[in-house]
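In what follows, a structure is listed as structure tokens, so that the remarks can point back to it.
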Amino acid sequence: MSWLEDVQARAKRKNKVLFMPGDSLFDGLAMLAEQASRRALVLWALSLAGEAVLRLEELLPEEPRPGEALRLARLWARGEVKMPIAKRAILDCHAVAKESVSPEAAALCHAVGQACAVVHARGHALGFAFYELTAIARRYGVENCAARVQGRVQEYISRLLQAQSDAPQAPGPWAKFLEE
């Protein structure tokens, strides 16, 4: 079964998340994410989260929690706030998804939360992709999302490669656990 058929089957079953770790769509990205430095993953994830927050500001103009989660995750990566403060904001961002918001907005809130959590653990990096691509499928429809999804995955790959190249010279300060 192709990744698109898997996504269509999940949508038919009314799954909230339409993309999963075993999907062939992620083979190249998963390998790069595994090999990337932690700092590169943080740069990459927080940059992508910034784009998702901009979309959420269009969808939920009165909702500050995703933007606050991103702001505090950036401070956490710099060592300027401690994990419990950022973690609370990340959980608050995820909580927005459980409220009366559109399926696209819910997926984007989870995507932002996953991206912000990359500061803590690299395993959240692909979580961002699973949720953001779900948001794309929700926005454009499962039947019409294939080209956009594939293009976005290619963008993830090129941006992660760029972040890996930029990470050693990325300006700080960095939290001690992100110093390389």
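We label chains A, B, ... in the order they appear in the structure tokens, count residues from 1 in each chain, and number ligands from 1 in the order shown.
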
Discussion item. Residues near Glu80 (chain A), anyone? I mean within 9 Å using only C-alpha atoms, not counting same-chain ones fewer than 5 positions away, as an NGL selection string.
Written reply: :A and (72 or 74-75 or 173-175)

Could you save the residues just selected, with N, CA, C and O atoms, as a compact mmCIF listing (two decimals), in the first residue's frame?
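As a result, part.txt now contains:
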```txt
# COMPACT_ATOMS: atom_id res chain seq x y z
N LEU A 72 8.75 30.45 24.46
CA LEU A 72 9.42 29.84 25.62
C LEU A 72 10.36 28.70 25.21
O LEU A 72 11.40 28.52 25.83
N ARG A 74 12.13 28.65 22.50
CA ARG A 74 13.34 29.35 22.02
C ARG A 74 14.19 29.81 23.20
O ARG A 74 15.43 29.67 23.17
N LEU A 75 13.54 30.33 24.23
CA LEU A 75 14.28 30.74 25.43
C LEU A 75 14.90 29.54 26.14
O LEU A 75 16.01 29.62 26.66
N PRO A 173 23.27 32.68 22.74
CA PRO A 173 23.75 31.58 23.57
C PRO A 173 22.87 30.34 23.40
O PRO A 173 21.76 30.42 22.93
N TRP A 174 23.46 29.21 23.81
CA TRP A 174 22.78 27.93 23.80
C TRP A 174 22.73 27.39 25.22
O TRP A 174 23.68 27.59 25.99
N ALA A 175 21.67 26.69 25.52
CA ALA A 175 21.61 25.98 26.80
C ALA A 175 22.77 25.00 26.84
O ALA A 175 23.19 24.49 25.80
```

Item to complete: Would you list, as a PyMOL selection string, the residues of chain A that end up in helix (DSSP H, G or I) under DSSP run on this structure's backbone?
Response: chain A and resi 3-12+24-35+38-59+65-77+83-96+103-117+122-140+142-144+146-169+176-178

Fill in: Selection: 9 Å around Ala40 (chain A), only C-alpha atoms, excl. self and same-chain fewer than 6 positions, as a ChimeraX atom specification
/A:160-168

Item to complete: Fewer than 5 positions away in the same chain doesn't count, so skip those; otherwise give me all residues within 12 Å of Met31 (chain A), counting only C-alpha atoms, as a ChimeraX atom specification.
Response: /A:21,24-26,36,125-126,157,160-161

Tell me, counting only C-alpha atoms, for each residue of region 77-116 of chain A within 6 Å of region 129-153 of chain A, which pair of atoms is nearest and how far apart they are in Å to one decimal, in rows ordered by chain and increasing number, as CSV.
```
residue,atom,partner,partner_atom,distance
A:Glu104,CA,A:Ala135,CA,4.4
A:Ala107,CA,A:Tyr131,CA,5.1
A:Leu108,CA,A:Glu132,CA,5.6
A:Ala111,CA,A:Tyr131,CA,4.9
```

Using N, CA and C atoms, can you export the residues from the last selection as a PDB file, in the first residue's frame?
```pdb
ATOM      1  N   GLU A 104      -7.771  21.255  11.105  1.00  0.00           N
ATOM      2  CA  GLU A 104      -6.489  21.816  10.682  1.00  0.00           C
ATOM      3  C   GLU A 104      -5.794  22.513  11.842  1.00  0.00           C
ATOM      4  N   ALA A 107      -4.479  20.022  14.470  1.00  0.00           N
ATOM      5  CA  ALA A 107      -3.239  19.357  14.034  1.00  0.00           C
ATOM      6  C   ALA A 107      -2.055  20.312  14.122  1.00  0.00           C
ATOM      7  N   LEU A 108      -2.255  21.570  13.758  1.00  0.00           N
ATOM      8  CA  LEU A 108      -1.163  22.543  13.832  1.00  0.00           C
ATOM      9  C   LEU A 108      -0.746  22.821  15.274  1.00  0.00           C
ATOM     10  N   ALA A 111       1.392  20.050  16.140  1.00  0.00           N
ATOM     11  CA  ALA A 111       2.668  20.186  15.421  1.00  0.00           C
ATOM     12  C   ALA A 111       3.587  21.160  16.143  1.00  0.00           C
TER      13      ALA A 111
END
```

Residues within 9 Å of Leu56 (chain A), please, as a short mmCIF file (atom, residue, chain, number, x, y, z; two decimals) with all heavy atoms, in the first residue's frame. Count only C-alpha atoms; anything in the same chain fewer than 2 positions from it doesn't count.
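Contents of selection_27.cif, as written:
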```cif
data_model
loop_
_atom_site.label_atom_id
_atom_site.label_comp_id
_atom_site.auth_asym_id
_atom_site.auth_seq_id
_atom_site.Cartn_x
_atom_site.Cartn_y
_atom_site.Cartn_z
N GLU A 51 6.48 28.94 11.30
CA GLU A 51 5.55 28.99 10.18
C GLU A 51 4.17 28.49 10.59
O GLU A 51 3.14 29.06 10.20
CB GLU A 51 6.08 28.16 9.02
CG GLU A 51 7.35 28.70 8.43
CD GLU A 51 7.99 27.76 7.43
OE1 GLU A 51 7.37 26.75 7.04
OE2 GLU A 51 9.13 28.05 7.02
N ALA A 52 4.14 27.42 11.37
CA ALA A 52 2.86 26.88 11.83
C ALA A 52 2.14 27.88 12.73
O ALA A 52 0.91 28.03 12.65
CB ALA A 52 3.08 25.55 12.55
N VAL A 53 2.89 28.58 13.56
CA VAL A 53 2.28 29.60 14.43
C VAL A 53 1.66 30.71 13.58
O VAL A 53 0.56 31.19 13.89
CB VAL A 53 3.30 30.15 15.45
CG1 VAL A 53 2.80 31.43 16.10
CG2 VAL A 53 3.61 29.09 16.51
N LEU A 54 2.33 31.11 12.51
CA LEU A 54 1.76 32.13 11.63
C LEU A 54 0.41 31.68 11.06
O LEU A 54 -0.54 32.46 10.99
CB LEU A 54 2.73 32.49 10.51
CG LEU A 54 3.98 33.24 10.93
CD1 LEU A 54 4.91 33.44 9.73
CD2 LEU A 54 3.63 34.59 11.56
N GLU A 58 -3.70 33.06 11.79
CA GLU A 58 -4.78 33.31 10.84
C GLU A 58 -6.04 32.55 11.25
O GLU A 58 -7.15 33.09 11.18
CB GLU A 58 -4.38 32.85 9.43
CG GLU A 58 -3.27 33.63 8.79
CD GLU A 58 -2.83 33.01 7.47
OE1 GLU A 58 -3.58 32.17 6.91
OE2 GLU A 58 -1.74 33.36 7.00
N LEU A 59 -5.88 31.31 11.67
CA LEU A 59 -7.01 30.46 12.01
C LEU A 59 -7.62 30.81 13.37
O LEU A 59 -8.83 30.72 13.55
CB LEU A 59 -6.59 28.98 12.03
CG LEU A 59 -6.16 28.39 10.69
CD1 LEU A 59 -5.57 27.00 10.89
CD2 LEU A 59 -7.35 28.33 9.73
N LEU A 60 -6.76 31.16 14.32
CA LEU A 60 -7.19 31.43 15.70
C LEU A 60 -6.57 32.75 16.17
O LEU A 60 -5.67 32.76 17.02
CB LEU A 60 -6.73 30.28 16.62
CG LEU A 60 -7.12 28.85 16.23
CD1 LEU A 60 -6.41 27.83 17.10
CD2 LEU A 60 -8.63 28.68 16.30
N PRO A 61 -7.02 33.87 15.63
CA PRO A 61 -6.35 35.15 15.90
C PRO A 61 -6.32 35.56 17.38
O PRO A 61 -5.44 36.32 17.77
CB PRO A 61 -7.13 36.16 15.06
CG PRO A 61 -8.41 35.49 14.69
CD PRO A 61 -8.18 34.02 14.74
N GLU A 63 -5.88 33.43 19.92
CA GLU A 63 -5.27 32.35 20.70
C GLU A 63 -3.76 32.54 20.84
O GLU A 63 -3.02 32.38 19.87
CB GLU A 63 -5.56 31.00 20.03
CG GLU A 63 -4.99 29.81 20.76
CD GLU A 63 -5.40 29.77 22.22
OE1 GLU A 63 -6.59 29.56 22.50
OE2 GLU A 63 -4.51 29.98 23.09
N PRO A 66 -0.07 28.84 21.28
CA PRO A 66 0.98 28.29 20.40
C PRO A 66 2.19 29.23 20.27
O PRO A 66 3.34 28.79 20.34
CB PRO A 66 0.27 28.09 19.06
CG PRO A 66 -1.17 27.88 19.45
CD PRO A 66 -1.38 28.83 20.61
N GLY A 67 1.93 30.51 20.11
CA GLY A 67 3.03 31.48 20.01
C GLY A 67 3.83 31.56 21.29
O GLY A 67 5.06 31.69 21.27
N ALA A 105 -6.52 23.35 12.57
CA ALA A 105 -5.94 24.08 13.70
C ALA A 105 -5.49 23.12 14.79
O ALA A 105 -4.42 23.30 15.38
CB ALA A 105 -6.93 25.10 14.25
N LEU A 108 -2.25 21.57 13.76
CA LEU A 108 -1.16 22.54 13.83
C LEU A 108 -0.75 22.82 15.27
O LEU A 108 0.44 23.01 15.55
CB LEU A 108 -1.54 23.84 13.13
CG LEU A 108 -1.53 23.79 11.61
CD1 LEU A 108 -2.11 25.07 11.02
CD2 LEU A 108 -0.12 23.53 11.08
N CYS A 109 -1.70 22.84 16.19
CA CYS A 109 -1.34 23.03 17.61
C CYS A 109 -0.46 21.88 18.08
O CYS A 109 0.55 22.09 18.76
CB CYS A 109 -2.58 23.13 18.47
SG CYS A 109 -3.47 24.69 18.26
#
```

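The coordinates place CA of Phe177 (chain A) at 15.1 Å from CA of Ala86 (chain A).
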
Worksheet item: Residues at most 9 Å from His94 (chain A), counting only C-alpha atoms, excluding those fewer than 5 positions away in the same chain, as a VMD selection string?
Response: chain A and resid 65 to 66 89 106 109 to 114

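Using only C-alpha atoms for every distance, the candidate list A:Leu48, A:Arg55, A:Leu43, A:Gln8 yields A:Leu43 as the residue closest to Pro171 (chain A).
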
Discussion item. Report, in Å with one decimal, the straight-line distance from CA of Leu70 (chain A) to CA of Ser100 (chain A).
Written reply: 21.4 Å

For Arg39 (chain A), list every protein, DNA or RNA residue within 8 Å, evaluated using only C-alpha atoms, and leave out those in the same chain fewer than 2 positions away; present the list as a compact mmCIF listing (two decimals) with N, CA and C atoms, in the first residue's frame.
```txt
# COMPACT_ATOMS: atom_id res chain seq x y z
N SER A 37 22.59 16.61 14.13
CA SER A 37 22.94 17.00 15.50
C SER A 37 21.68 17.50 16.21
N LEU A 41 18.52 19.88 14.75
CA LEU A 41 17.10 19.54 14.86
C LEU A 41 16.31 20.64 15.55
N VAL A 42 16.90 21.24 16.57
CA VAL A 42 16.22 22.32 17.28
C VAL A 42 16.05 23.52 16.35
N LEU A 43 17.10 23.90 15.65
CA LEU A 43 16.99 25.02 14.70
C LEU A 43 15.90 24.76 13.66
N ALA A 167 24.24 24.71 11.89
CA ALA A 167 24.25 24.49 13.34
C ALA A 167 25.59 24.80 14.02
N LEU A 178 22.70 21.91 24.81
CA LEU A 178 22.73 22.04 23.36
C LEU A 178 24.07 22.56 22.84
N GLU A 179 25.01 22.77 23.73
CA GLU A 179 26.34 23.20 23.28
C GLU A 179 27.03 22.04 22.60
N GLU A 180 27.71 22.35 21.51
CA GLU A 180 28.40 21.28 20.77
C GLU A 180 29.89 21.55 20.73
```

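Each of A:Val119, A:Ala73, A:Glu99, A:Gly127 was compared to Leu18 (chain A) using only C-alpha atoms, and A:Gly127 turns out to be the nearest.
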